[in-house]
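S.K.: My structure is in entry_7.cif, and what it holds is mmCIF, C-alpha atoms:
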data_my_file
#
loop_
_atom_site.label_atom_id
_atom_site.label_comp_id
_atom_site.auth_asym_id
_atom_site.auth_seq_id
_atom_site.Cartn_x
_atom_site.Cartn_y
_atom_site.Cartn_z
CA MET A 1 8.71 -24.22 -7.86
CA SER A 2 8.63 -21.29 -10.34
CA ASP A 3 7.54 -18.79 -7.67
CA CYS A 4 10.13 -19.97 -5.14
CA PHE A 5 13.46 -18.13 -5.14
CA VAL A 6 15.98 -20.98 -5.04
CA VAL A 7 19.56 -20.41 -3.92
CA ALA A 8 21.67 -23.44 -4.88
CA ILE A 9 25.01 -23.71 -3.08
CA ASP A 10 27.48 -26.34 -4.25
CA GLY A 11 31.07 -27.19 -3.42
CA PRO A 12 33.39 -29.79 -1.89
CA ALA A 13 33.44 -30.86 1.76
CA GLY A 14 34.72 -28.24 4.19
CA ALA A 15 34.05 -25.28 1.90
CA GLY A 16 31.39 -23.95 4.27
CA LYS A 17 28.25 -24.93 2.37
CA SER A 18 26.09 -26.14 5.25
CA THR A 19 26.88 -23.31 7.66
CA THR A 20 26.51 -20.69 4.94
CA ALA A 21 23.25 -22.13 3.65
CA LYS A 22 21.63 -22.22 7.09
CA ALA A 23 22.76 -18.70 7.97
CA VAL A 24 21.63 -17.28 4.62
CA ALA A 25 18.26 -18.99 4.91
CA GLU A 26 17.74 -17.66 8.43
CA LYS A 27 18.69 -14.12 7.43
CA LEU A 28 16.36 -14.12 4.43
CA GLY A 29 13.51 -16.03 6.05
CA PHE A 30 13.86 -18.85 3.52
CA ALA A 31 13.55 -22.58 4.12
CA CYS A 32 16.78 -24.58 4.07
CA LEU A 33 17.53 -28.04 2.71
CA ASP A 34 20.74 -29.89 3.54
CA SER A 35 20.91 -32.30 0.62
CA GLY A 36 24.16 -33.77 1.90
CA ALA A 37 22.34 -34.95 5.01
CA LEU A 38 19.79 -36.74 2.82
CA TYR A 39 22.56 -38.64 1.04
CA ARG A 40 24.18 -39.37 4.40
CA ALA A 41 20.86 -40.76 5.65
CA VAL A 42 20.88 -43.20 2.73
CA ALA A 43 24.50 -44.05 3.56
CA LEU A 44 23.59 -44.67 7.20
CA LEU A 45 20.84 -47.03 6.06
CA LEU A 46 23.41 -48.97 4.03
CA VAL A 47 26.01 -49.00 6.80
CA GLU A 48 23.49 -50.27 9.34
CA ALA A 49 22.38 -52.96 6.89
CA GLY A 50 25.97 -54.02 6.26
CA ALA A 51 25.50 -53.36 2.53
CA ASP A 52 28.15 -52.47 -0.03
CA PRO A 53 27.44 -48.77 -0.82
CA SER A 54 28.88 -49.20 -4.32
CA ASP A 55 26.64 -52.12 -5.35
CA GLU A 56 23.45 -50.87 -6.97
CA ARG A 57 22.01 -54.40 -7.03
CA VAL A 58 21.99 -54.31 -3.22
CA VAL A 59 21.28 -50.62 -2.70
CA GLY A 60 18.22 -50.40 -4.96
CA PRO A 61 16.06 -52.90 -3.04
CA LEU A 62 17.06 -51.38 0.31
CA LEU A 63 15.72 -47.99 -0.79
CA ALA A 64 12.24 -49.34 -1.55
CA GLY A 65 9.78 -47.86 0.91
CA VAL A 66 12.39 -45.89 2.85
CA ARG A 67 11.19 -42.56 4.28
CA ILE A 68 13.69 -39.71 4.49
CA SER A 69 12.69 -36.22 5.59
CA GLN A 70 14.12 -33.05 7.05
CA SER A 71 12.99 -30.18 9.24
CA ALA A 72 12.28 -26.87 7.50
CA ASP A 73 15.48 -25.31 8.82
CA GLY A 74 17.62 -28.21 7.57
CA GLU A 75 18.90 -28.93 11.07
CA GLN A 76 17.24 -32.31 11.69
CA THR A 77 17.18 -35.33 9.39
CA PHE A 78 14.89 -38.32 9.80
CA LEU A 79 15.24 -41.86 8.47
CA ASN A 80 12.02 -43.87 8.73
CA ASP A 81 10.78 -41.30 11.29
CA ARG A 82 13.95 -41.76 13.43
CA ASN A 83 16.02 -38.66 14.10
CA VAL A 84 19.46 -39.67 12.81
CA THR A 85 21.09 -36.22 12.74
CA SER A 86 23.79 -37.08 15.27
CA LEU A 87 24.82 -40.20 13.33
CA LEU A 88 25.49 -38.63 9.95
CA ARG A 89 28.98 -37.13 10.32
CA SER A 90 31.07 -40.19 11.09
CA ALA A 91 33.93 -41.06 8.73
CA ARG A 92 32.27 -44.37 7.87
CA VAL A 93 28.99 -42.71 6.86
CA SER A 94 30.87 -39.99 4.94
CA ASP A 95 32.76 -42.58 2.91
CA ALA A 96 29.59 -44.59 2.24
CA ALA A 97 27.78 -41.42 1.16
CA SER A 98 30.51 -40.58 -1.33
CA ARG A 99 30.27 -44.07 -2.83
CA SER A 100 26.51 -44.50 -2.84
CA SER A 101 25.75 -40.98 -4.11
CA ALA A 102 27.29 -41.95 -7.46
CA LEU A 103 24.60 -44.60 -8.00
CA PRO A 104 21.69 -43.65 -10.30
CA ALA A 105 19.24 -45.48 -7.98
CA VAL A 106 20.20 -43.26 -5.06
CA ARG A 107 20.12 -40.02 -7.03
CA SER A 108 16.76 -40.79 -8.63
CA ALA A 109 15.30 -41.67 -5.22
CA LEU A 110 16.30 -38.29 -3.77
CA ILE A 111 15.99 -35.83 -6.64
CA GLU A 112 12.20 -35.44 -6.47
CA LEU A 113 12.34 -35.21 -2.68
CA GLN A 114 14.75 -32.30 -3.03
CA ARG A 115 12.75 -30.54 -5.72
CA ALA A 116 9.56 -30.88 -3.69
CA ALA A 117 11.13 -28.67 -1.01
CA ALA A 118 11.03 -25.64 -3.35
CA THR A 119 7.81 -24.10 -2.07
CA GLY A 120 6.99 -20.81 -0.43
CA GLU A 121 8.98 -17.59 -0.83
CA GLY A 122 12.44 -19.07 -1.00
CA LEU A 123 14.70 -22.06 -0.46
CA VAL A 124 18.43 -22.33 0.17
CA VAL A 125 19.75 -25.76 -0.75
CA GLU A 126 23.32 -27.00 -0.57
CA GLY A 127 25.08 -30.01 -1.98
CA ARG A 128 27.23 -31.08 -4.90
CA ASP A 129 24.88 -30.94 -7.89
CA MET A 130 22.18 -28.51 -6.79
CA GLY A 131 22.91 -25.94 -9.48
CA THR A 132 23.89 -28.37 -12.22
CA VAL A 133 21.24 -31.11 -11.90
CA VAL A 134 18.62 -30.69 -9.19
CA PHE A 135 17.83 -26.99 -9.66
CA PRO A 136 19.30 -26.01 -13.05
CA ARG A 137 16.96 -22.97 -13.12
CA ALA A 138 17.81 -21.75 -9.62
CA ALA A 139 17.60 -17.98 -9.25
CA LEU A 140 21.12 -17.94 -7.81
CA LYS A 141 23.80 -20.60 -8.08
CA VAL A 142 26.85 -20.38 -5.82
CA PHE A 143 29.95 -22.58 -5.82
CA LEU A 144 32.03 -22.40 -2.63
CA ASP A 145 35.58 -23.70 -2.58
CA ALA A 146 38.75 -23.42 -0.47
CA ASP A 147 42.19 -24.99 -0.53
CA GLU A 148 42.51 -28.55 0.79
CA ASP A 149 44.37 -27.67 4.01
CA GLU A 150 41.81 -25.06 5.01
CA ARG A 151 38.89 -27.36 4.27
CA ALA A 152 40.47 -30.13 6.35
CA ARG A 153 41.04 -27.68 9.21
CA ARG A 154 37.40 -26.58 9.15
CA ARG A 155 36.05 -30.11 9.03
CA GLY A 156 38.43 -31.08 11.86
CA LEU A 157 37.01 -28.30 14.01
CA GLU A 158 33.49 -29.44 13.18
CA LEU A 159 34.34 -33.01 14.22
CA GLY A 160 36.34 -31.97 17.27
CA LEU A 161 39.60 -33.44 15.93
CA SER A 162 43.03 -32.19 16.95
CA GLY A 163 46.60 -33.19 16.23
CA THR A 164 48.57 -33.17 13.00
CA ALA A 165 48.22 -36.90 12.31
CA LYS A 166 44.42 -36.86 12.65
CA LEU A 167 44.07 -33.79 10.44
CA GLU A 168 46.37 -35.26 7.81
CA LYS A 169 44.30 -38.46 7.76
CA LEU A 170 41.10 -36.42 7.50
CA GLY A 171 42.60 -34.35 4.69
CA ALA A 172 43.54 -37.49 2.76
CA GLU A 173 40.01 -38.89 3.17
CA MET A 174 38.47 -35.63 1.98
CA ALA A 175 40.82 -35.47 -1.01
CA GLU A 176 39.80 -38.99 -2.03
CA ARG A 177 36.13 -38.10 -1.68
CA ASP A 178 36.69 -34.99 -3.80
CA ARG A 179 38.36 -37.12 -6.46
CA ARG A 180 35.41 -39.51 -6.56
CA ASP A 181 32.85 -36.70 -6.58
CA ARG A 182 34.57 -34.78 -9.37
CA SER A 183 35.18 -37.83 -11.58
CA ARG A 184 31.91 -39.75 -11.22
CA LYS A 185 29.85 -40.20 -14.36
CA VAL A 186 26.54 -39.23 -12.75
CA ALA A 187 26.25 -35.56 -11.65
CA PRO A 188 29.96 -34.86 -11.02
CA LEU A 189 30.96 -32.07 -8.65
CA ARG A 190 31.56 -28.93 -10.70
CA PRO A 191 30.36 -25.32 -10.81
CA ALA A 192 27.36 -24.57 -13.00
CA GLU A 193 28.33 -22.33 -15.91
CA ASP A 194 26.40 -19.41 -14.41
CA SER A 195 27.56 -19.91 -10.82
CA LEU A 196 28.93 -17.22 -8.55
CA VAL A 197 32.23 -18.91 -7.61
CA LEU A 198 33.70 -17.93 -4.24
CA ASP A 199 37.09 -19.12 -2.98
CA THR A 200 36.51 -18.91 0.77
CA THR A 201 40.06 -19.81 1.86
CA SER A 202 40.76 -16.35 3.23
CA PHE A 203 37.14 -15.33 3.87
CA SER A 204 35.51 -15.21 7.26
CA LEU A 205 32.21 -17.04 7.53
CA GLN A 206 30.39 -13.72 7.89
CA GLU A 207 31.98 -12.40 4.70
CA VAL A 208 30.74 -15.44 2.78
CA ILE A 209 27.24 -15.13 4.23
CA ASP A 210 27.10 -11.41 3.44
CA ALA A 211 28.28 -11.99 -0.14
CA VAL A 212 25.52 -14.53 -0.80
CA VAL A 213 22.79 -12.52 0.94
CA ASN A 214 23.75 -9.34 -0.92
CA GLU A 215 23.65 -11.21 -4.23
CA VAL A 216 20.19 -12.58 -3.44
CA LEU A 217 18.86 -9.14 -2.50
CA SER A 218 20.36 -7.64 -5.65
CA ARG A 219 18.75 -10.25 -7.89
CA LYS A 220 15.39 -10.02 -6.14
CA LYS A 221 15.47 -6.25 -6.60
CA LEU A 222 16.24 -6.59 -10.30
CA ALA A 223 13.43 -9.12 -10.71
CA LYS A 224 10.79 -6.69 -9.45
#
Now, as a test, write the supplied structure out as structure tokens.

M.R.:
Amino acid sequence: MSDCFVVAIDGPAGAGKSTTAKAVAEKLGFACLDSGALYRAVALLLVEAGADPSDERVVGPLLAGVRISQSADGEQTFLNDRNVTSLLRSARVSDAASRSSALPAVRSALIELQRAAATGEGLVVEGRDMGTVVFPRAALKVFLDADEDERARRRGLELGLSGTAKLEKLGAEMAERDRRDRSRKVAPLRPAEDSLVLDTTSFSLQEVIDAVVNEVLSRKKLAK
């Protein structure tokens, strides 16, 4: 892992982490890991099993022997060799992921899987504790944020939702997930002390991508 240039991008839902991470990785020729999709794959497993995603006594045994993997570009996620990418963005899976990701059993099951991805020239990884817990020595840590209304609008576009009532409901669900993520005892959502913090509310996607890429190139140049 020491020779791999790791870019850790954290932030709440709708801040642009996934899109930014994939674009930055493509531009730099780095691998990309969507850690959120890994946690959503665990959540899907629990939803399909009818399990309580907050009950570690149930969740722990279900994780035994489970295989979760991802394509090098972070676009496809597999659960027990089944491509589950299209199933990971539902509201039910999102809620289950927020609840189950707070469990030590889930985090310990995925942390080594995430760290093992740091091979080759570089890796861009996004999530909620990439810079604080999973990759505390990442070469670059970025924390993306935006105001709640803008994040709800972006996630609504991603999910194909329209109408004030639907967006308000989505916004309320995201706010509750943020509250849980920021207040959980295990790996709470927060910027690492040495993070580059970007409020993307008024940024275009390209501006965010360029800011991260330029920072990577600057740091790589200084490291030579």

S.K.: Would you mind listing what lies within 9 Å of region 110-117 of chain A as a VMD selection string, with all atoms listed in the file counted and same-chain residues fewer than 6 positions away left out?

M.R.: chain A and resid 1 31 to 33 35 38 to 39 68 to 69 72 123 125 133 to 135

S.K.: For Val7 (chain A), which residue among A:Arg155, A:Lys220, A:Lys185, A:Lys166 is the nearest when counting only C-alpha atoms?

M.R.: A:Lys220

S.K.: Using the chain letters and numbering of this document, enumerate as a list in words the residues selected by the PyMOL selection byres ((chain A and resi 157-159) around 12).

M.R.: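 On the file shown, the PyMOL selection byres ((chain A and resi 157-159) around 12) covers Ala13, Gly14, Gly16, Ser18, Thr19, Ser86, Leu87, Leu88, Arg89, Ser90, Ala91, Glu150, Arg151, Ala152, Arg153, Arg154, Arg155, Gly156, Gly160, Leu161, Ser162, Gly163, Lys166, Leu167 and Leu170 of chain A.
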
S.K.: Which residues come within 8 Å of Ala97 (chain A), counting all atoms listed in the file, excluding same-chain residues fewer than 3 positions away, as an MDAnalysis selection string?

M.R.: chainID A and resid 39:40 42:43 53 93:94 100:101

S.K.: Extract, using all atoms listed in the file, all DNA, RNA and protein residues at most 10 Å from Asp178 (chain A), discarding same-chain residues fewer than 6 positions from it, and format them as a list in words.

M.R.: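 Result of the neighbour search: Gly11, Pro12, Ala13, Ser98, Glu148, Ala172, Pro188 and Leu189 of chain A.
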
S.K.: As an exercise, work out the distance from CA of Ala102 (chain A) to CA of Val24 (chain A) in Å and give it to one decimal place.

M.R.: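 Between these atoms lies a distance of 28.0 Å.
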
S.K.: Looking at A:Ala192, A:Asp55, A:Leu144, A:Ala41, which one is nearest to Thr77 (chain A), with distances taken over all atoms listed in the file?

M.R.: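 Once distances to Thr77 (chain A) are computed over all atoms listed in the file, the minimum belongs to A:Ala41.
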